[in-house]
$ cat input.cif   # mmCIF, C-alpha atoms
data_work
#
loop_
_atom_site.label_atom_id
_atom_site.label_comp_id
_atom_site.auth_asym_id
_atom_site.auth_seq_id
_atom_site.Cartn_x
_atom_site.Cartn_y
_atom_site.Cartn_z
CA MET A 23 -14.68 -94.51 88.60
CA LYS A 24 -11.00 -94.80 88.08
CA ASN A 25 -11.65 -95.37 84.36
CA LEU A 26 -13.66 -92.13 84.06
CA THR A 27 -10.87 -90.21 85.77
CA ARG A 28 -8.33 -91.59 83.29
CA ILE A 29 -10.51 -90.62 80.29
CA LEU A 30 -10.87 -87.00 81.48
CA SER A 31 -7.13 -86.74 82.09
CA LEU A 32 -6.46 -87.99 78.52
CA ILE A 33 -8.80 -85.39 76.99
CA ILE A 34 -7.13 -82.56 78.92
CA LEU A 35 -3.66 -83.75 77.76
CA ILE A 36 -4.70 -83.88 74.09
CA SER A 37 -6.13 -80.31 74.28
CA PHE A 38 -2.93 -79.03 75.86
CA LEU A 39 -0.74 -80.56 73.13
CA ALA A 40 -2.95 -79.10 70.35
CA SER A 41 -2.56 -75.56 71.67
CA CYS A 42 1.22 -75.90 71.53
CA ALA A 43 1.36 -77.00 67.83
CA ALA A 44 2.89 -74.69 65.10
CA PRO A 45 0.41 -72.35 63.42
CA SER A 46 -0.95 -73.41 60.00
CA GLU A 47 0.47 -71.62 56.91
CA THR A 48 -1.69 -69.98 54.19
CA LEU A 49 -1.09 -70.41 50.43
CA ASP A 50 1.30 -67.85 48.88
CA THR A 51 -0.64 -65.92 46.23
CA GLY A 52 2.46 -64.11 44.87
CA THR A 53 1.33 -60.74 46.19
CA HIS A 54 3.74 -59.19 48.64
CA ASP A 55 3.60 -55.88 50.39
CA THR A 56 7.15 -54.57 50.32
CA ARG A 57 6.34 -51.43 52.25
CA THR A 58 8.39 -50.50 55.22
CA PRO A 59 6.30 -50.98 58.31
CA GLY A 60 4.73 -47.73 59.38
CA THR A 61 4.59 -46.18 55.88
CA VAL A 62 1.64 -45.47 53.56
CA ALA A 63 1.76 -46.53 49.89
CA LEU A 64 1.54 -43.72 47.24
CA ASP A 65 -0.35 -44.33 44.02
CA ALA A 66 1.71 -43.99 40.82
CA VAL A 67 1.09 -40.45 39.37
CA ASN A 68 1.98 -39.29 35.81
CA PRO A 69 2.74 -35.58 36.19
CA SER A 70 0.95 -33.20 33.76
CA PRO A 71 3.30 -31.46 31.30
CA LEU A 72 4.24 -27.93 32.24
CA PRO A 73 2.89 -25.07 30.08
CA THR A 74 5.05 -24.39 27.03
CA GLU A 75 5.88 -20.89 28.16
CA THR A 76 7.46 -22.23 31.35
CA LEU A 77 9.58 -24.74 29.44
CA SER A 78 11.03 -22.32 26.92
CA ALA A 79 10.21 -18.64 26.66
CA THR A 80 8.80 -17.76 23.22
CA ILE A 81 10.26 -14.46 21.99
CA THR A 82 8.53 -12.68 19.10
CA PRO A 83 11.21 -11.14 16.88
CA GLU A 84 10.91 -7.42 16.30
CA LEU A 85 9.64 -6.54 12.82
CA VAL A 86 12.37 -5.20 10.59
CA GLN A 87 11.57 -1.87 8.97
CA PRO A 88 10.79 -2.11 5.25
CA ALA A 89 13.76 -1.53 2.97
CA LEU A 90 11.48 0.45 0.65
CA GLY A 91 10.97 3.98 1.91
CA HIS A 92 7.48 5.47 2.13
CA ASN A 93 8.65 8.71 0.45
CA LEU A 94 6.28 10.84 2.50
CA SER A 95 7.23 14.28 3.76
CA ALA A 96 7.71 14.93 7.47
CA GLU A 97 4.25 16.49 7.63
CA ASN A 98 2.64 13.24 6.51
CA ALA A 99 5.06 10.95 8.34
CA LYS A 100 5.34 12.13 11.92
CA THR A 101 5.73 8.58 13.24
CA MET A 102 6.18 5.04 11.96
CA VAL A 103 5.10 2.28 14.31
CA VAL A 104 4.05 -1.38 14.28
CA GLU A 105 0.32 -1.93 14.56
CA GLY A 106 -1.61 -5.08 13.81
CA GLY A 107 1.58 -6.91 12.95
CA THR A 108 2.74 -4.47 10.26
CA TRP A 109 4.32 -1.04 9.89
CA VAL A 110 2.11 2.01 9.60
CA VAL A 111 2.95 5.67 9.07
CA LYS A 112 0.99 8.41 10.81
CA ASN A 113 0.78 12.15 10.34
CA ALA A 114 0.98 14.79 13.05
CA ASP A 115 -2.70 14.25 13.89
CA GLY A 116 -2.12 10.54 14.50
CA LEU A 117 -3.99 9.50 11.35
CA VAL A 118 -2.63 6.63 9.25
CA THR A 119 -1.17 7.82 5.96
CA ALA A 120 0.50 4.61 4.75
CA ILE A 121 0.43 0.87 5.52
CA TRP A 122 3.18 -1.59 4.62
CA TYR A 123 2.00 -4.77 2.86
CA SER A 124 4.89 -7.22 3.13
CA THR A 125 3.30 -9.81 0.85
CA ALA A 126 3.17 -7.31 -2.00
CA GLY A 127 6.35 -5.51 -0.93
CA GLU A 128 4.78 -2.07 -1.20
CA TRP A 129 3.28 0.81 0.72
CA VAL A 130 -0.43 1.48 0.33
CA TYR A 131 -1.34 5.12 0.92
CA ASN A 132 -4.44 6.54 2.53
CA MET A 133 -4.89 9.63 0.38
CA GLU A 134 -7.68 10.96 2.58
CA ASN A 135 -5.16 11.64 5.36
CA ILE A 136 -2.31 12.88 3.14
CA LYS A 137 -1.71 16.56 2.49
CA THR A 138 -0.38 17.08 -1.03
CA THR A 139 2.24 19.68 -1.92
CA TYR A 140 1.89 21.17 -5.40
CA GLY A 141 4.39 22.70 -7.74
CA ILE A 142 3.61 24.60 -10.92
CA VAL A 143 5.45 23.96 -14.13
CA GLY A 144 5.67 27.29 -15.90
CA TRP A 145 3.23 30.17 -16.20
CA PRO A 146 1.23 31.16 -19.24
CA GLU A 147 3.14 34.11 -20.62
CA LYS A 148 1.39 37.46 -21.11
CA LEU A 149 -1.89 36.09 -19.81
CA PRO A 150 -3.74 37.88 -16.99
CA ILE A 151 -4.07 34.98 -14.54
CA GLU A 152 -2.77 34.07 -11.14
CA LEU A 153 -2.66 30.33 -10.67
CA THR A 154 -2.88 29.77 -6.92
CA ARG A 155 -4.89 27.54 -4.63
CA GLU A 156 -7.00 30.55 -3.66
CA SER A 157 -7.69 31.76 -7.21
CA HIS A 158 -8.23 28.36 -8.84
CA PRO A 159 -8.74 25.65 -6.23
CA GLU A 160 -10.08 23.28 -8.90
CA CYS A 161 -6.50 22.81 -10.14
CA PHE A 162 -5.17 22.02 -6.65
CA VAL A 163 -7.12 18.80 -6.21
CA ARG A 164 -5.30 15.47 -6.21
CA ALA A 165 -6.28 13.62 -9.38
CA PRO A 166 -7.88 10.18 -8.83
CA HIS A 167 -5.80 7.13 -9.73
CA GLU A 168 -8.52 4.67 -10.64
CA GLU A 169 -7.69 1.70 -12.83
CA SER A 170 -10.24 2.65 -15.49
CA LEU A 171 -8.51 6.02 -15.94
CA ASN A 172 -5.02 4.66 -16.58
CA LEU A 173 -3.12 4.22 -19.82
CA THR A 174 -1.61 0.74 -20.10
CA ASP A 175 1.12 -1.02 -22.03
CA GLY A 176 0.73 -4.12 -24.20
CA ASN A 177 0.61 -6.33 -21.09
CA GLY A 178 -2.08 -4.28 -19.41
CA VAL A 179 0.32 -2.71 -16.89
CA ALA A 180 -0.61 0.87 -15.97
CA TYR A 181 1.76 3.67 -16.93
CA PRO A 182 2.98 5.86 -14.09
CA ASP A 183 2.68 9.60 -14.49
CA GLY A 184 5.67 11.20 -16.14
CA PHE A 185 8.13 10.64 -18.95
CA VAL A 186 7.47 7.88 -21.48
CA GLU A 187 9.94 8.30 -24.35
CA GLU A 188 11.76 10.62 -26.71
CA THR A 189 10.54 10.56 -30.28
CA SER A 190 12.78 10.43 -33.32
CA ASP A 191 11.85 14.01 -34.24
CA GLY A 192 13.01 15.47 -30.92
CA TYR A 193 9.83 15.49 -28.82
CA ASN A 194 9.28 14.26 -25.28
CA VAL A 195 6.20 12.17 -24.58
CA PHE A 196 4.70 12.56 -21.12
CA VAL A 197 1.77 10.89 -19.41
CA ALA A 198 -0.34 13.34 -17.42
CA ARG A 199 -3.75 13.34 -15.77
CA PHE A 200 -6.57 15.68 -16.56
CA VAL A 201 -7.76 17.68 -13.53
CA SER A 202 -9.93 20.57 -14.71
CA SER A 203 -10.06 23.63 -16.94
CA PHE A 204 -11.17 27.22 -16.67
CA ASN A 205 -11.73 30.13 -19.03
CA LEU A 206 -9.56 33.21 -18.91
CA THR A 207 -11.32 36.45 -18.11
CA SER A 208 -9.86 38.06 -21.21
CA ASP A 209 -11.62 35.41 -23.33
CA SER A 210 -8.34 34.90 -25.12
CA GLY A 211 -8.47 31.24 -24.32
CA SER A 212 -8.66 28.69 -21.54
CA ILE A 213 -6.32 26.82 -19.27
CA VAL A 214 -6.30 23.05 -18.97
CA CYS A 215 -4.81 21.96 -15.65
CA ALA A 216 -2.94 18.71 -16.12
CA GLN A 217 -1.21 16.95 -13.28
CA VAL A 218 1.85 14.71 -13.00
CA GLU A 219 2.52 12.81 -9.80
CA ALA A 220 6.01 13.33 -8.40
CA GLY A 221 5.53 11.29 -5.23
CA PRO A 222 2.84 9.97 -2.90
CA ASP A 223 2.28 13.47 -1.51
CA LYS A 224 3.70 15.61 -4.31
CA ALA A 225 2.17 16.66 -7.62
CA LEU A 226 3.14 18.97 -10.46
CA ILE A 227 0.46 21.14 -12.04
CA ILE A 228 0.98 21.79 -15.74
CA PRO A 229 -1.15 24.67 -17.10
CA LEU A 230 -1.72 24.12 -20.81
CA PHE A 231 -3.05 27.17 -22.66
CA MET A 232 -5.72 26.58 -25.29
CA PRO A 233 -6.67 29.56 -27.46
CA ASN A 234 -10.35 30.13 -28.14
CA LEU A 235 -10.46 29.58 -31.88
CA PRO A 236 -13.92 28.17 -32.62
CA ASN A 237 -13.41 28.40 -36.39
CA ASP A 238 -9.84 27.15 -36.36
CA THR A 239 -9.16 24.92 -39.34
CA MET A 240 -5.46 24.43 -38.68
CA PRO A 241 -4.61 20.94 -37.36
CA VAL A 242 -2.76 20.66 -34.07
CA ARG A 243 -0.24 18.02 -33.11
CA SER A 244 -2.51 15.19 -31.97
CA TYR A 245 -2.56 11.41 -31.60
CA LYS A 246 -5.00 8.57 -31.20
CA LEU A 247 -3.68 6.04 -28.65
CA ILE A 248 -4.29 2.51 -29.93
CA ASN A 249 -5.12 -0.12 -27.29
CA ASN A 250 -4.87 2.58 -24.63
CA ASP A 251 -1.07 2.55 -25.07
CA PRO A 252 1.00 5.76 -25.50
CA ILE A 253 3.59 3.82 -27.51
CA GLN A 254 0.99 2.59 -30.00
CA ARG A 255 -0.21 5.92 -31.26
CA GLU A 256 -1.45 7.19 -34.57
CA ALA A 257 -0.80 10.79 -35.60
CA ILE A 258 -4.00 12.53 -36.68
CA GLY A 259 -4.85 16.12 -37.49
CA LEU A 260 -7.39 17.29 -34.94
CA ARG A 261 -8.45 20.90 -34.98
CA ASN A 262 -8.70 23.05 -31.86
CA PRO A 263 -12.50 22.63 -31.43
CA GLN A 264 -12.13 18.85 -31.79
CA VAL A 265 -9.51 18.77 -29.04
CA TRP A 266 -11.86 20.72 -26.78
CA GLU A 267 -14.67 18.29 -27.56
CA ILE A 268 -12.54 15.44 -26.21
CA ILE A 269 -11.32 17.41 -23.20
CA ARG A 270 -14.92 18.01 -22.13
CA LYS A 271 -15.42 14.22 -22.06
CA LEU A 272 -12.46 13.56 -19.78
CA SER A 273 -13.06 12.57 -16.18
CA PRO A 274 -10.75 14.01 -13.50
CA GLY A 275 -7.80 11.64 -13.26
CA GLN A 276 -8.02 10.40 -16.85
CA GLN A 277 -4.52 9.87 -18.22
CA PHE A 278 -3.56 11.29 -21.61
CA ILE A 279 -0.28 12.23 -23.24
CA PHE A 280 1.14 15.54 -24.19
CA THR A 281 4.25 16.03 -26.27
CA PHE A 282 6.61 18.97 -26.29
CA SER A 283 9.94 19.83 -27.82
CA LYS A 284 13.17 19.02 -26.04
CA LYS A 285 14.07 22.67 -26.58
CA GLU A 286 11.60 23.72 -23.89
CA PRO A 287 13.52 25.11 -20.85
CA LEU A 288 12.13 22.64 -18.31
CA ASP A 289 15.19 21.47 -16.41
CA ALA A 290 13.47 22.04 -13.06
CA PHE A 291 10.52 19.98 -14.26
CA PHE A 292 12.69 16.98 -15.10
CA ALA A 293 14.73 17.38 -11.92
CA ALA A 294 11.57 17.20 -9.83
CA MET A 295 10.46 14.06 -11.64
CA LYS A 296 13.81 12.35 -11.14
CA ASN A 297 14.21 13.39 -7.50
CA PRO A 298 10.79 13.77 -5.81
CA SER A 299 12.44 13.92 -2.38
CA GLY A 300 13.92 17.28 -3.32
CA PHE A 301 10.57 18.65 -4.39
CA SER A 302 9.93 22.03 -2.75
CA GLY A 303 6.36 22.90 -3.56
CA GLN A 304 5.36 26.09 -5.28
CA THR A 305 8.93 27.32 -5.49
CA LEU A 306 9.10 24.98 -8.49
CA THR A 307 7.93 27.46 -11.10
CA VAL A 308 9.72 27.28 -14.42
CA PRO A 309 10.23 30.78 -15.90
CA SER A 310 8.95 29.71 -19.31
CA ARG A 311 5.75 27.73 -19.87
CA ILE A 312 5.28 24.78 -22.19
CA ILE A 313 4.29 26.54 -25.40
CA TYR A 314 4.45 24.10 -28.29
CA TYR A 315 2.81 20.87 -27.33
CA GLY A 316 0.49 18.22 -28.71
CA TRP A 317 -2.28 16.01 -27.38
CA GLY A 318 -2.87 12.27 -27.32
CA PHE A 319 -6.06 10.59 -26.14
CA PRO A 320 -7.27 6.98 -25.86
CA GLU A 321 -9.12 5.85 -28.95
CA ARG A 322 -12.41 5.40 -27.06
CA PHE A 323 -12.78 9.20 -27.01
CA PHE A 324 -12.87 9.40 -30.79
CA THR A 325 -16.26 9.12 -32.49
CA PRO A 326 -16.48 7.60 -35.99
#

$ encode --input "input.cif" --output "structure tokens"
Amino acid sequence: MKNLTRILSLIILISFLASCAAPSETLDTGTHDTRTPGTVALDAVNPSPLPTETLSATITPELVQPALGHNLSAENAKTMVVEGGTWVVKNADGLVTAIWYSTAGEWVYNMENIKTTYGIVGWPEKLPIELTRESHPECFVRAPHEESLNLTDGNGVAYPDGFVEETSDGYNVFVARFVSSFNLTSDSGSIVCAQVEAGPDKALIIPLFMPNLPNDTMPVRSYKLINNDPIQREAIGLRNPQVWEIIRKLSPGQQFIFTFSKKEPLDAFFAAMKNPSGFSGQTLTVPSRIIYYGWGFPERFFTP
């Protein structure tokens, strides 16, 4: 009995000593939580880049006005504003009359919205006519400027309306456009209305008198234009009926040349061509008409 009591006492002692031993350590895996007690860990976040406009404001530079003027009158150029990234000119009705093409460095005109001012170079002397928009509206129509109607130089570049050269025998050579013609009531002849552009909204009407001489055998000053070029011309002796035959074939806007002596009193005519901005419409009427002149047509109008 005493032995059993000793054994139970030994078991109780061993259990007591085991409960007082140091706690066992676990293996260090190398992972440590360095957080301050009581805090919550935040996941690493890569912030999204801010929109470009918030980083640096993008400023679109204002378009600089073209150095080349549009040469339109105040009536056709009430305002000039930027639309669609380019400059446009508008008339008093708000319709676009011109658009600036920076790549080509030029203005392109919308002729449908442009009102043209006309001047008249001389009046047929001693002829019973009144050349006004009301009496002969067919002459007050802006001539077309289609490529097929242009005279061209040796490189194929179109000639502008107006002065070309002075000949060695004292004549001026001008490029004009055919518009229309009408018979005089007196049956003394007819008027051919030629037109020379003096600006995008300005044109000079040149009334050329042609006598009605159906049996005329006298040659008139006339030229055949070789290669469609006024400089390459061949003098030929057309008669009056032959000139009329060619004129009847001309389309409105077809360029031709006419020549006249430097002695013609046409200072106002030349002034208007050199300074279109000073053009003043129908006040430009030279007291004396162009009397002695000649014709020059592209060779395609001549039949063998």

$ atom_distance --input "input.cif" --atom1 "CA of Ile227 in chain A" --atom2 "CA of Ile151 in chain A"
14.8 Å

$ atom_distance --input "input.cif" --atom1 "CA of Leu173 in chain A" --atom2 "CA of Leu90 in chain A"
25.4 Å

$ atom_distance --input "input.cif" --atom1 "CA of Phe231 in chain A" --atom2 "CA of Ser212 in chain A"
5.9 Å

$ closest_residue --input "input.cif" --among "A:Gln217, A:Ser190, A:Ser210, A:Thr239" --to "Phe278 in chain A" --atoms "all atoms listed in the file"
A:Gln217

$ resolve_selection --input "input.cif" --expression "the PyMOL selection byres ((chain A and resi 245) around 10)" --output "VMD selection string"
chain A and resid 242 to 244 246 to 248 252 254 to 260 279 to 281 316 to 321

$ residues_near_point --input "input.cif" --point "(11.2, 18.8, -31.8)" --cutoff "9 Å" --atoms "all atoms listed in the file" --output "ChimeraX atom specification"
/A:189-194,282-285
